[in-house]
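Asks: Below are the structure tokens for one structure; questions will follow.
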Amino acid sequence: MPLPPSARWLTLVFAAAGGFFTRLAFPDPGWSLLAPVGMTLLYLALRRDSARWNALVGLVWGLTCFGPMITWADEAVGLVPWLALTVLEASYVALFGAAWAWARRGHAVWRGGFWQLLVFVVLWVGVEELRSSWPFGGFPWGRLAFSQADSPLAAFMWVGGTPLLSAVVAGLGVLLARAALAAGQVAFVRTVGALAAVGAVVAGSLVIPLDTAAQTGTLRVGAVQGNVPEPGRLDAFGQRRQVLDNHVAGTRALLERTAPGDLDVVLWPENGSDIDPQVDAEAAGLIDGVAQEVDAPLLVGTVQYPDSGGRYNTAVLWEPGVGPVATYSKQRPAPFAEYIPMRSFVRHFSDAVDLVTRDMLPGTKPGVIPLASERLGRTVVLGDVICFEVAYDAIVREAVTEGGELLVVQTNNASFGWSDESTQQLAMARLRAVELGRATVQISTVGVSAVIAPNGVVTQRTELFTADQMIADLPLRDSLTPAARAGDWPARVACVLAVWVVLAGMVGAARLRRDDRPEGPA
């Protein structure tokens with residue numbers, strides 16, 4: 001029986017509230033428990049059999065979730081790019097709404113609560129994977145999993161990575177919705193059953209083992225947050241020189257807390273030296289000089305300008321008295337920020353594209369930095385990712401499966417002002433620590449920087465736009481978690497099943513008169 005018009009429009013209110021509740025699950029404030037509630041409201045809002053209406057419901061949910069979440073894009077690149085990115089990400093939730101309408105028409109799905117739970121979850125994960133890879137390499141920001149850094153559910157990252165944790169959050173939302181529907185029908189057994197399933201999932205997360213012990217020794221690490229003269233872009237040469245000087249001074253400040261030679265490595269952030277020390281003699285002298293003062297190698301975030309054109313966002317391991325001994329270049333530059341696709345077309349909407357005068361080129365090698373440790377008598381492998389790469393499953397995972405014994409996330413958050421971008425990124429770094437069982441250091445030019453244990457617990461943290469330093473003894477580990485061993489198979493399976501359930505629903509609908517299809521969850 002069709003829903004009355006008032007009930008149809010009420011579903012848009014549910015969708016808007018659900019999207020905003022889900023946004024609140026992400027930092028800041030990071031109220032993780034609101035993510036399942038947001039998914040509950042989305043499930044209840046997708047009541048009609050109309051794919052077009054459900055697409056509108058999904059669009060509304062996406063706008064109220066992603067718009068407030070990524071206001072930092074407005075801070076960094078302006079109003080029009082922020083709105084465009086918000087609409088693009090919301091359109092994927094619209095696609096999910098339409099796909100759910102199609103898949104739900106399958107006879108087994110609309111008649112069975114279990115199948116609705118399974119299909120809803122599979123579709124959600126499949127659409128998340130799609131928007132995380134397309135277009136221009138995708139934008140994984142805002143995946144449900146990334147809202148759970150402060151939740152016990154984060155332990156599911158260890159088992160199956162981002163696809164599994166997103167599936168768990170979406171599944172809990174469906175279970176809560178089913179409990180609410182059953183309670184409205186005074187169906188006591190079904191209500192208790194759904195709530196018991198929620199409790200079982202949460203209890204299951206508490207028994208997942210998250211080992212934090214060192215397996216291959218410990219590494220004494222210094223990390224330097226040098227700060228910038230003022231929030232904003234690092235375009236002026238004078239600012240770049242000042243930022244380099246700040247990080248040199250911050251490295252010297254480590255000697256107030258430790259003696260020369262006590263540190264195994266000192267970590268600088270992305271753009272810690274926006275002047276390439278491999279070609280600039282003065283920058284090289286500053287970096288080598290302070291490396292010799294602390295008597296430790298420096299992992300320096302810098303840029304490289306090849307003769308063929310373009311530029312690389314690069315991490316250079318600088319050995320005191322020797323110079324560069326290893327490098328890693330960012331594999332996934334950010335479109336419309338670090339390089340400009342369709343430049344002539346995009347210029348019609350914003351002339352800010354011309355601020356990017358040389359497009360950033362993608363690196364081609366995994367993020368592994370071999371560090372010769374005299375104290376340990378062997379080479380330690382650092383897993384390194386740069387800035388937004390922490391959001392991409394395969395890039396971070398590869399840094400560990402290729403030998404990384406701890407993770408480093410080098411980032412530059414200066415362009416995002418006082419927004420939530422840095423803390424949202426920190427939440428991802430914490431979840432990567434759990435997923436891959438590695439101690440992790442997020443080091444930023446301006447903060448928030450942090451030291452993270454392999455179970456995702458933050459042991460040290462800095463504030464935004466301050467000069468600060470951290471020193472930590474980090475456990476080195478070489479075992480692989482189930483998530484690392486599974487690789488991208490959970491995501492692949494989810495994508496295949498998502499396509500299959502939509503096609504199956506279309507076939508089922510063809511065998512059923514429209515008037516016989518139900519409006520709303522069974």
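Identifiers in the structure tokens: chain A, B, ... in order shown; residue index from 1 per chain; ligand index from 1 in order shown.
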As a VMD selection string, please: the residues near segment 80-87 of chain A (cut-off 12 Å, only C-alpha atoms, same-chain neighbours under 6 positions excluded).
Replies: chain A and resid 58 to 74 93 to 94 131 135 138 to 142 335 to 337 346 to 353
Asks: Mind running segment 77-133 of chain A against segment 190-213 of chain A at 12 Å and telling me each contacting residue's nearest atom pair with the distance in Å (one decimal), counting only C-alpha atoms, chain and number ascending, as JSON lines?
Replies:
{"residue": "A:Gly113", "atom": "CA", "partner": "A:Ala194", "partner_atom": "CA", "distance": 10.1}
{"residue": "A:Phe114", "atom": "CA", "partner": "A:Ala194", "partner_atom": "CA", "distance": 10.3}
{"residue": "A:Leu117", "atom": "CA", "partner": "A:Ala194", "partner_atom": "CA", "distance": 10.9}
Asks: Can you tell me how far atom CA of Arg432 of chain A sits from atom CA of Leu34 of chain A, in Å to one decimal?
Replies: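 Computing it gives 21.2 Å between the two atoms.
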Asks: Please identify which residues in segment 100-218 of chain A DSSP calls alpha helix (DSSP H) from the backbone, and express them as an mmCIF file with N, CA and C atoms, in the first residue's frame.
Replies:
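File result.cif, as written:
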data_model
loop_
_atom_site.group_PDB
_atom_site.id
_atom_site.type_symbol
_atom_site.label_atom_id
_atom_site.label_comp_id
_atom_site.auth_asym_id
_atom_site.auth_seq_id
_atom_site.Cartn_x
_atom_site.Cartn_y
_atom_site.Cartn_z
ATOM 1 N N TRP A 100 19.179 0.192 -3.534
ATOM 2 C CA TRP A 100 18.415 -0.505 -2.485
ATOM 3 C C TRP A 100 16.969 -0.727 -2.938
ATOM 4 N N ALA A 101 16.380 0.249 -3.611
ATOM 5 C CA ALA A 101 15.016 0.070 -4.116
ATOM 6 C C ALA A 101 14.955 -1.083 -5.104
ATOM 7 N N TRP A 102 15.962 -1.160 -5.974
ATOM 8 C CA TRP A 102 15.970 -2.251 -6.957
ATOM 9 C C TRP A 102 16.219 -3.599 -6.293
ATOM 10 N N ALA A 103 17.225 -3.663 -5.433
ATOM 11 C CA ALA A 103 17.587 -4.942 -4.817
ATOM 12 C C ALA A 103 16.481 -5.458 -3.909
ATOM 13 N N HIS A 107 12.122 -11.246 -4.308
ATOM 14 C CA HIS A 107 11.099 -11.887 -3.476
ATOM 15 C C HIS A 107 11.638 -12.234 -2.085
ATOM 16 N N ALA A 108 12.820 -12.837 -2.034
ATOM 17 C CA ALA A 108 13.366 -13.250 -0.734
ATOM 18 C C ALA A 108 13.725 -12.048 0.121
ATOM 19 N N VAL A 109 14.143 -10.947 -0.524
ATOM 20 C CA VAL A 109 14.605 -9.788 0.238
ATOM 21 C C VAL A 109 13.441 -9.072 0.897
ATOM 22 N N TRP A 110 12.394 -8.741 0.125
ATOM 23 C CA TRP A 110 11.324 -7.963 0.744
ATOM 24 C C TRP A 110 10.498 -8.779 1.723
ATOM 25 N N ARG A 111 10.626 -10.085 1.678
ATOM 26 C CA ARG A 111 9.877 -10.919 2.634
ATOM 27 C C ARG A 111 10.689 -11.253 3.887
ATOM 28 N N GLY A 113 13.639 -10.314 6.873
ATOM 29 C CA GLY A 113 14.472 -9.318 7.544
ATOM 30 C C GLY A 113 15.947 -9.626 7.452
ATOM 31 N N PHE A 114 16.316 -10.906 7.534
ATOM 32 C CA PHE A 114 17.733 -11.266 7.460
ATOM 33 C C PHE A 114 18.310 -10.874 6.115
ATOM 34 N N TRP A 115 17.562 -11.140 5.044
ATOM 35 C CA TRP A 115 18.078 -10.822 3.717
ATOM 36 C C TRP A 115 18.135 -9.316 3.497
ATOM 37 N N GLN A 116 17.202 -8.574 4.096
ATOM 38 C CA GLN A 116 17.283 -7.122 3.996
ATOM 39 C C GLN A 116 18.544 -6.609 4.690
ATOM 40 N N LEU A 117 18.832 -7.169 5.846
ATOM 41 C CA LEU A 117 20.055 -6.786 6.556
ATOM 42 C C LEU A 117 21.282 -7.054 5.694
ATOM 43 N N LEU A 118 21.374 -8.241 5.143
ATOM 44 C CA LEU A 118 22.544 -8.627 4.355
ATOM 45 C C LEU A 118 22.679 -7.772 3.099
ATOM 46 N N VAL A 119 21.574 -7.583 2.390
ATOM 47 C CA VAL A 119 21.625 -6.839 1.127
ATOM 48 C C VAL A 119 21.933 -5.366 1.375
ATOM 49 N N PHE A 120 21.315 -4.772 2.387
ATOM 50 C CA PHE A 120 21.576 -3.376 2.713
ATOM 51 C C PHE A 120 23.060 -3.165 2.996
ATOM 52 N N VAL A 121 23.644 -4.051 3.794
ATOM 53 C CA VAL A 121 25.055 -3.928 4.176
ATOM 54 C C VAL A 121 25.967 -4.110 2.965
ATOM 55 N N VAL A 122 25.691 -5.111 2.157
ATOM 56 C CA VAL A 122 26.519 -5.374 0.982
ATOM 57 C C VAL A 122 26.477 -4.188 0.022
ATOM 58 N N LEU A 123 25.294 -3.639 -0.188
ATOM 59 C CA LEU A 123 25.175 -2.488 -1.080
ATOM 60 C C LEU A 123 25.927 -1.286 -0.535
ATOM 61 N N TRP A 124 25.819 -1.054 0.774
ATOM 62 C CA TRP A 124 26.506 0.100 1.343
ATOM 63 C C TRP A 124 28.017 -0.014 1.156
ATOM 64 N N VAL A 125 28.564 -1.182 1.473
ATOM 65 C CA VAL A 125 30.008 -1.360 1.348
ATOM 66 C C VAL A 125 30.423 -1.261 -0.123
ATOM 67 N N GLY A 126 29.625 -1.831 -1.023
ATOM 68 C CA GLY A 126 29.951 -1.754 -2.443
ATOM 69 C C GLY A 126 29.994 -0.323 -2.947
ATOM 70 N N VAL A 127 29.033 0.506 -2.525
ATOM 71 C CA VAL A 127 29.019 1.901 -2.957
ATOM 72 C C VAL A 127 30.174 2.666 -2.322
ATOM 73 N N GLU A 128 30.508 2.371 -1.059
ATOM 74 C CA GLU A 128 31.680 3.000 -0.446
ATOM 75 C C GLU A 128 32.949 2.681 -1.234
ATOM 76 N N GLU A 129 33.084 1.443 -1.660
ATOM 77 C CA GLU A 129 34.263 1.068 -2.428
ATOM 78 C C GLU A 129 34.294 1.805 -3.771
ATOM 79 N N LEU A 130 33.138 1.976 -4.378
ATOM 80 C CA LEU A 130 33.078 2.685 -5.659
ATOM 81 C C LEU A 130 33.517 4.137 -5.501
ATOM 82 N N ARG A 131 32.981 4.827 -4.509
ATOM 83 C CA ARG A 131 33.340 6.240 -4.363
ATOM 84 C C ARG A 131 34.761 6.411 -3.834
ATOM 85 N N PHE A 156 37.147 -4.437 14.905
ATOM 86 C CA PHE A 156 36.835 -5.188 13.683
ATOM 87 C C PHE A 156 37.768 -4.810 12.536
ATOM 88 N N MET A 157 38.444 -3.671 12.616
ATOM 89 C CA MET A 157 39.449 -3.329 11.605
ATOM 90 C C MET A 157 40.528 -4.401 11.565
ATOM 91 N N TRP A 158 40.909 -4.919 12.709
ATOM 92 C CA TRP A 158 41.952 -5.946 12.808
ATOM 93 C C TRP A 158 41.554 -7.207 12.041
ATOM 94 N N VAL A 159 40.250 -7.478 12.000
ATOM 95 C CA VAL A 159 39.753 -8.703 11.369
ATOM 96 C C VAL A 159 39.620 -8.544 9.859
ATOM 97 N N GLY A 160 38.969 -7.465 9.420
ATOM 98 C CA GLY A 160 38.663 -7.346 8.001
ATOM 99 C C GLY A 160 38.811 -5.962 7.421
ATOM 100 N N GLY A 161 39.469 -5.061 8.126
ATOM 101 C CA GLY A 161 39.739 -3.741 7.584
ATOM 102 C C GLY A 161 38.504 -2.874 7.437
ATOM 103 N N THR A 162 38.639 -1.845 6.615
ATOM 104 C CA THR A 162 37.577 -0.859 6.457
ATOM 105 C C THR A 162 36.269 -1.456 5.943
ATOM 106 N N PRO A 163 36.283 -2.367 4.959
ATOM 107 C CA PRO A 163 35.004 -2.919 4.489
ATOM 108 C C PRO A 163 34.218 -3.607 5.600
ATOM 109 N N LEU A 164 34.908 -4.371 6.445
ATOM 110 C CA LEU A 164 34.196 -5.079 7.516
ATOM 111 C C LEU A 164 33.644 -4.108 8.539
ATOM 112 N N LEU A 165 34.434 -3.127 8.960
ATOM 113 C CA LEU A 165 33.946 -2.208 9.989
ATOM 114 C C LEU A 165 32.784 -1.363 9.461
ATOM 115 N N SER A 166 32.861 -0.915 8.216
ATOM 116 C CA SER A 166 31.723 -0.195 7.640
ATOM 117 C C SER A 166 30.488 -1.092 7.599
ATOM 118 N N ALA A 167 30.683 -2.356 7.253
ATOM 119 C CA ALA A 167 29.565 -3.303 7.211
ATOM 120 C C ALA A 167 28.951 -3.485 8.591
ATOM 121 N N VAL A 168 29.787 -3.565 9.621
ATOM 122 C CA VAL A 168 29.283 -3.733 10.983
ATOM 123 C C VAL A 168 28.442 -2.539 11.402
ATOM 124 N N VAL A 169 28.939 -1.322 11.124
ATOM 125 C CA VAL A 169 28.194 -0.116 11.507
ATOM 126 C C VAL A 169 26.862 -0.049 10.771
ATOM 127 N N ALA A 170 26.884 -0.311 9.468
ATOM 128 C CA ALA A 170 25.642 -0.304 8.696
ATOM 129 C C ALA A 170 24.690 -1.384 9.196
ATOM 130 N N GLY A 171 25.235 -2.558 9.502
ATOM 131 C CA GLY A 171 24.412 -3.653 9.994
ATOM 132 C C GLY A 171 23.762 -3.335 11.323
ATOM 133 N N LEU A 172 24.498 -2.695 12.214
ATOM 134 C CA LEU A 172 23.904 -2.293 13.496
ATOM 135 C C LEU A 172 22.761 -1.310 13.279
ATOM 136 N N GLY A 173 22.938 -0.414 12.299
ATOM 137 C CA GLY A 173 21.861 0.521 11.992
ATOM 138 C C GLY A 173 20.596 -0.202 11.553
ATOM 139 N N VAL A 174 20.745 -1.212 10.711
ATOM 140 C CA VAL A 174 19.584 -1.984 10.256
ATOM 141 C C VAL A 174 18.942 -2.722 11.427
ATOM 142 N N LEU A 175 19.751 -3.327 12.283
ATOM 143 C CA LEU A 175 19.211 -4.068 13.436
ATOM 144 C C LEU A 175 18.427 -3.139 14.357
ATOM 145 N N LEU A 176 18.945 -1.938 14.604
ATOM 146 C CA LEU A 176 18.216 -0.997 15.449
ATOM 147 C C LEU A 176 16.901 -0.577 14.787
ATOM 148 N N ALA A 177 16.932 -0.402 13.470
ATOM 149 C CA ALA A 177 15.700 -0.057 12.760
ATOM 150 C C ALA A 177 14.694 -1.192 12.837
ATOM 151 N N ARG A 178 15.170 -2.424 12.657
ATOM 152 C CA ARG A 178 14.262 -3.575 12.744
ATOM 153 C C ARG A 178 13.671 -3.694 14.140
ATOM 154 N N ALA A 179 14.483 -3.393 15.156
ATOM 155 C CA ALA A 179 13.970 -3.428 16.528
ATOM 156 C C ALA A 179 12.887 -2.366 16.716
ATOM 157 N N ALA A 180 13.106 -1.172 16.172
ATOM 158 C CA ALA A 180 12.117 -0.102 16.297
ATOM 159 C C ALA A 180 10.815 -0.465 15.588
ATOM 160 N N LEU A 181 10.921 -1.045 14.390
ATOM 161 C CA LEU A 181 9.720 -1.450 13.658
ATOM 162 C C LEU A 181 8.965 -2.546 14.398
ATOM 163 N N ALA A 182 9.702 -3.512 14.931
ATOM 164 C CA ALA A 182 9.067 -4.599 15.667
ATOM 165 C C ALA A 182 8.403 -4.087 16.938
ATOM 166 N N ALA A 183 9.066 -3.144 17.608
ATOM 167 C CA ALA A 183 8.464 -2.578 18.822
ATOM 168 C C ALA A 183 7.174 -1.838 18.492
ATOM 169 N N GLY A 184 7.162 -1.153 17.340
ATOM 170 C CA GLY A 184 5.948 -0.457 16.927
ATOM 171 C C GLY A 184 4.801 -1.400 16.645
ATOM 172 N N PHE A 188 7.262 -8.567 20.510
ATOM 173 C CA PHE A 188 8.269 -8.621 21.565
ATOM 174 C C PHE A 188 9.460 -9.493 21.173
ATOM 175 N N VAL A 189 9.208 -10.649 20.616
ATOM 176 C CA VAL A 189 10.297 -11.583 20.306
ATOM 177 C C VAL A 189 11.234 -10.985 19.259
ATOM 178 N N ARG A 190 10.657 -10.379 18.210
ATOM 179 C CA ARG A 190 11.507 -9.798 17.167
ATOM 180 C C ARG A 190 12.281 -8.586 17.686
ATOM 181 N N THR A 191 11.652 -7.818 18.563
ATOM 182 C CA THR A 191 12.339 -6.663 19.139
ATOM 183 C C THR A 191 13.544 -7.103 19.958
ATOM 184 N N VAL A 192 13.309 -8.048 20.847
ATOM 185 C CA VAL A 192 14.394 -8.544 21.700
ATOM 186 C C VAL A 192 15.467 -9.220 20.854
ATOM 187 N N GLY A 193 15.062 -9.958 19.824
ATOM 188 C CA GLY A 193 16.035 -10.642 18.972
ATOM 189 C C GLY A 193 16.969 -9.677 18.271
ATOM 190 N N ALA A 194 16.408 -8.574 17.746
ATOM 191 C CA ALA A 194 17.247 -7.583 17.050
ATOM 192 C C ALA A 194 18.192 -6.896 18.023
ATOM 193 N N LEU A 195 17.683 -6.542 19.205
ATOM 194 C CA LEU A 195 18.533 -5.886 20.194
ATOM 195 C C LEU A 195 19.607 -6.841 20.718
ATOM 196 N N ALA A 196 19.250 -8.118 20.841
ATOM 197 C CA ALA A 196 20.240 -9.103 21.278
ATOM 198 C C ALA A 196 21.349 -9.250 20.246
ATOM 199 N N ALA A 197 20.991 -9.171 18.978
ATOM 200 C CA ALA A 197 22.010 -9.243 17.923
ATOM 201 C C ALA A 197 22.947 -8.047 17.998
ATOM 202 N N VAL A 198 22.410 -6.860 18.281
ATOM 203 C CA VAL A 198 23.254 -5.679 18.465
ATOM 204 C C VAL A 198 24.230 -5.897 19.607
ATOM 205 N N GLY A 199 23.718 -6.390 20.740
ATOM 206 C CA GLY A 199 24.581 -6.650 21.880
ATOM 207 C C GLY A 199 25.654 -7.678 21.583
ATOM 208 N N ALA A 200 25.313 -8.695 20.793
ATOM 209 C CA ALA A 200 26.284 -9.735 20.456
ATOM 210 C C ALA A 200 27.418 -9.181 19.604
ATOM 211 N N VAL A 201 27.080 -8.285 18.675
ATOM 212 C CA VAL A 201 28.119 -7.688 17.827
ATOM 213 C C VAL A 201 29.075 -6.851 18.671
ATOM 214 N N VAL A 202 28.520 -6.031 19.546
ATOM 215 C CA VAL A 202 29.366 -5.190 20.396
ATOM 216 C C VAL A 202 30.218 -6.061 21.313
ATOM 217 N N ALA A 203 29.625 -7.089 21.899
ATOM 218 C CA ALA A 203 30.384 -7.982 22.777
ATOM 219 C C ALA A 203 31.488 -8.696 22.004
ATOM 220 N N GLY A 204 31.187 -9.050 20.758
ATOM 221 C CA GLY A 204 32.199 -9.711 19.938
ATOM 222 C C GLY A 204 33.416 -8.850 19.701
ATOM 223 N N SER A 205 33.209 -7.524 19.579
ATOM 224 C CA SER A 205 34.355 -6.643 19.362
ATOM 225 C C SER A 205 35.285 -6.618 20.562
ATOM 226 N N LEU A 206 34.741 -6.890 21.744
ATOM 227 C CA LEU A 206 35.539 -6.801 22.969
ATOM 228 C C LEU A 206 36.480 -7.985 23.153
#
Asks: For segment 393-407 of chain A, work out the shell of residues within 6 Å, counting only C-alpha atoms and skipping chain neighbours fewer than 2 positions away, then give it as a PDB file with N, CA and C atoms, in the first residue's frame.
Replies:
ATOM      1  N   PRO A 366      56.120   1.394  -3.410  1.00  0.00           N
ATOM      2  CA  PRO A 366      55.455   1.317  -2.102  1.00  0.00           C
ATOM      3  C   PRO A 366      56.127   2.218  -1.083  1.00  0.00           C
ATOM      4  N   GLY A 367      55.353   2.578  -0.051  1.00  0.00           N
ATOM      5  CA  GLY A 367      55.854   3.469   0.983  1.00  0.00           C
ATOM      6  C   GLY A 367      56.684   2.750   2.024  1.00  0.00           C
ATOM      7  N   VAL A 368      57.858   2.315   1.643  1.00  0.00           N
ATOM      8  CA  VAL A 368      58.765   1.655   2.582  1.00  0.00           C
ATOM      9  C   VAL A 368      60.106   2.390   2.579  1.00  0.00           C
ATOM     10  N   VAL A 381      62.446  -1.336   8.737  1.00  0.00           N
ATOM     11  CA  VAL A 381      61.654  -0.812   7.625  1.00  0.00           C
ATOM     12  C   VAL A 381      60.525   0.052   8.176  1.00  0.00           C
ATOM     13  N   LEU A 382      60.519   1.323   7.777  1.00  0.00           N
ATOM     14  CA  LEU A 382      59.440   2.230   8.127  1.00  0.00           C
ATOM     15  C   LEU A 382      58.393   2.198   7.026  1.00  0.00           C
ATOM     16  N   GLY A 383      57.127   2.017   7.395  1.00  0.00           N
ATOM     17  CA  GLY A 383      56.030   2.150   6.442  1.00  0.00           C
ATOM     18  C   GLY A 383      55.587   3.602   6.415  1.00  0.00           C
ATOM     19  N   ASP A 384      55.650   4.247   5.259  1.00  0.00           N
ATOM     20  CA  ASP A 384      55.393   5.684   5.174  1.00  0.00           C
ATOM     21  C   ASP A 384      54.267   5.961   4.197  1.00  0.00           C
ATOM     22  N   ARG A 438      50.242  -1.989  13.916  1.00  0.00           N
ATOM     23  CA  ARG A 438      51.502  -1.260  13.908  1.00  0.00           C
ATOM     24  C   ARG A 438      51.394   0.011  14.754  1.00  0.00           C
ATOM     25  N   ALA A 439      52.435   0.293  15.543  1.00  0.00           N
ATOM     26  CA  ALA A 439      52.553   1.608  16.146  1.00  0.00           C
ATOM     27  C   ALA A 439      52.619   2.631  15.021  1.00  0.00           C
ATOM     28  N   THR A 440      52.002   3.784  15.246  1.00  0.00           N
ATOM     29  CA  THR A 440      51.853   4.775  14.178  1.00  0.00           C
ATOM     30  C   THR A 440      52.162   6.163  14.727  1.00  0.00           C
ATOM     31  N   LEU A 476      58.266  -2.319  17.531  1.00  0.00           N
ATOM     32  CA  LEU A 476      58.366  -2.769  16.136  1.00  0.00           C
ATOM     33  C   LEU A 476      57.697  -4.136  16.026  1.00  0.00           C
ATOM     34  N   ARG A 477      56.916  -4.310  14.963  1.00  0.00           N
ATOM     35  CA  ARG A 477      56.172  -5.561  14.794  1.00  0.00           C
ATOM     36  C   ARG A 477      56.271  -6.016  13.348  1.00  0.00           C
ATOM     37  N   ASP A 478      56.286  -7.348  13.154  1.00  0.00           N
ATOM     38  CA  ASP A 478      56.362  -7.874  11.787  1.00  0.00           C
ATOM     39  C   ASP A 478      55.265  -8.879  11.459  1.00  0.00           C
TER      40      ASP A 478
END
Asks: Restricting the calculation to only C-alpha atoms: of A:Trp268, A:Trp500, A:Phe14, A:Tyr312, which residue gets closest to Tyr328 of chain A?
Replies: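 Answer, going by the shortest atom-to-atom distance: A:Tyr312.
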Asks: Using only C-alpha atoms, find the one residue out of A:Ile386, A:Ala372, A:Ile275, A:Met428 that sits nearest to Leu219 of chain A.
Replies: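 For Leu219 of chain A, the nearest of the candidates is A:Ala372.
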Asks: Which residue out of A:Glu293, A:Arg47, A:Tyr92, A:Phe136 has the minimum interatomic distance to Pro341 of chain A when only C-alpha atoms are used?
Replies: A:Phe136
Asks: I need the residues in segment 162-371 of chain A that are strand (DSSP E) according to DSSP; give them as a short mmCIF file (atom, residue, chain, number, x, y, z; two decimals) with N, CA and C atoms, in the first residue's frame.
Replies:
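Output below, filename out01.cif:
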data_model
loop_
_atom_site.label_atom_id
_atom_site.label_comp_id
_atom_site.auth_asym_id
_atom_site.auth_seq_id
_atom_site.Cartn_x
_atom_site.Cartn_y
_atom_site.Cartn_z
N THR A 218 62.42 -2.27 19.71
CA THR A 218 61.77 -0.96 19.81
C THR A 218 62.63 0.08 19.10
N LEU A 219 61.99 1.14 18.67
CA LEU A 219 62.67 2.23 17.98
C LEU A 219 62.39 3.52 18.74
N ARG A 220 63.45 4.23 19.07
CA ARG A 220 63.29 5.51 19.76
C ARG A 220 63.18 6.62 18.71
N VAL A 221 62.03 7.26 18.69
CA VAL A 221 61.68 8.17 17.60
C VAL A 221 61.44 9.57 18.16
N GLY A 222 61.96 10.56 17.46
CA GLY A 222 61.59 11.95 17.71
C GLY A 222 60.74 12.44 16.56
N ALA A 223 59.76 13.29 16.86
CA ALA A 223 58.88 13.84 15.81
C ALA A 223 58.75 15.33 16.04
N VAL A 224 58.87 16.10 14.96
CA VAL A 224 58.93 17.56 15.07
C VAL A 224 57.76 18.20 14.32
N GLN A 225 56.94 18.93 15.06
CA GLN A 225 55.88 19.76 14.49
C GLN A 225 56.37 21.20 14.55
N VAL A 265 65.69 7.85 14.87
CA VAL A 265 65.26 8.60 13.69
C VAL A 265 64.44 9.80 14.18
N VAL A 266 64.47 10.87 13.41
CA VAL A 266 63.65 12.05 13.67
C VAL A 266 62.71 12.23 12.48
N LEU A 267 61.43 12.38 12.77
CA LEU A 267 60.40 12.48 11.73
C LEU A 267 59.98 13.92 11.54
N LEU A 298 67.16 11.90 9.57
CA LEU A 298 65.92 12.67 9.50
C LEU A 298 65.08 12.18 8.33
N LEU A 299 63.78 11.92 8.60
CA LEU A 299 62.84 11.65 7.51
C LEU A 299 62.15 12.97 7.19
N VAL A 300 62.53 13.56 6.07
CA VAL A 300 62.14 14.93 5.74
C VAL A 300 61.10 14.93 4.62
N GLY A 301 59.96 15.59 4.86
CA GLY A 301 58.97 15.79 3.81
C GLY A 301 59.37 16.96 2.95
N THR A 302 59.51 16.74 1.64
CA THR A 302 59.97 17.80 0.75
C THR A 302 59.31 17.64 -0.61
N VAL A 303 59.80 18.37 -1.60
CA VAL A 303 59.31 18.27 -2.97
C VAL A 303 60.49 18.07 -3.90
N GLN A 304 60.22 17.43 -5.03
CA GLN A 304 61.23 17.25 -6.07
C GLN A 304 60.67 17.74 -7.39
N TYR A 312 57.11 16.06 -7.49
CA TYR A 312 56.80 14.93 -6.62
C TYR A 312 56.72 15.40 -5.17
N ASN A 313 55.75 14.86 -4.46
CA ASN A 313 55.65 15.05 -3.01
C ASN A 313 56.41 13.90 -2.37
N THR A 314 57.56 14.19 -1.78
CA THR A 314 58.53 13.15 -1.47
C THR A 314 58.97 13.19 -0.01
N ALA A 315 59.22 12.03 0.54
CA ALA A 315 59.88 11.88 1.83
C ALA A 315 61.31 11.41 1.58
N VAL A 316 62.27 12.11 2.16
CA VAL A 316 63.69 11.79 1.98
C VAL A 316 64.29 11.40 3.32
N LEU A 317 64.91 10.24 3.40
CA LEU A 317 65.65 9.86 4.61
C LEU A 317 67.06 10.40 4.48
N TRP A 318 67.39 11.34 5.37
CA TRP A 318 68.68 12.05 5.31
C TRP A 318 69.60 11.53 6.40
N GLU A 319 70.69 10.89 5.98
CA GLU A 319 71.68 10.37 6.92
C GLU A 319 72.69 11.48 7.22
N GLY A 323 73.73 12.39 3.52
CA GLY A 323 72.70 12.93 2.65
C GLY A 323 71.58 11.92 2.42
N PRO A 324 70.84 12.05 1.30
CA PRO A 324 69.70 11.16 1.05
C PRO A 324 70.14 9.72 0.85
N VAL A 325 69.49 8.80 1.55
CA VAL A 325 69.79 7.38 1.38
C VAL A 325 68.55 6.59 0.96
N ALA A 326 67.37 7.17 1.08
CA ALA A 326 66.13 6.50 0.65
C ALA A 326 65.05 7.55 0.45
N THR A 327 64.13 7.28 -0.44
CA THR A 327 63.04 8.22 -0.71
C THR A 327 61.74 7.46 -0.92
N TYR A 328 60.63 8.16 -0.70
CA TYR A 328 59.30 7.67 -1.06
C TYR A 328 58.51 8.84 -1.60
N SER A 329 57.85 8.67 -2.74
CA SER A 329 57.04 9.72 -3.34
C SER A 329 55.56 9.34 -3.27
N VAL A 368 57.86 2.31 1.64
CA VAL A 368 58.77 1.66 2.58
C VAL A 368 60.11 2.39 2.58
N ILE A 369 60.58 2.70 3.79
CA ILE A 369 61.84 3.41 3.96
C ILE A 369 62.77 2.54 4.80
N PRO A 370 63.85 1.98 4.22
CA PRO A 370 64.80 1.18 5.00
C PRO A 370 65.69 2.09 5.84
N LEU A 371 65.70 1.84 7.15
CA LEU A 371 66.45 2.66 8.09
C LEU A 371 67.52 1.78 8.76
#
Asks: Tell me, as a PyMOL selection string, which residues lie within 9 Å of Arg358 of chain A, counting only C-alpha atoms; anything in the same chain fewer than 5 positions away does not count.
Replies: chain A and resi 309-311+338-339
Asks: For the selection you just gave me, I'd like the residues written to a file as a compact mmCIF listing (two decimals), in the first residue's frame, keeping C-alpha atoms.
Replies:
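Saved as out-v6.txt:
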# COMPACT_ATOMS: atom_id res chain seq x y z
CA GLY A 309 58.24 18.73 -15.64
CA GLY A 310 55.76 18.31 -12.81
CA ARG A 311 56.76 17.68 -9.21
CA GLU A 338 47.91 18.93 -6.02
CA TYR A 339 47.13 18.44 -9.71
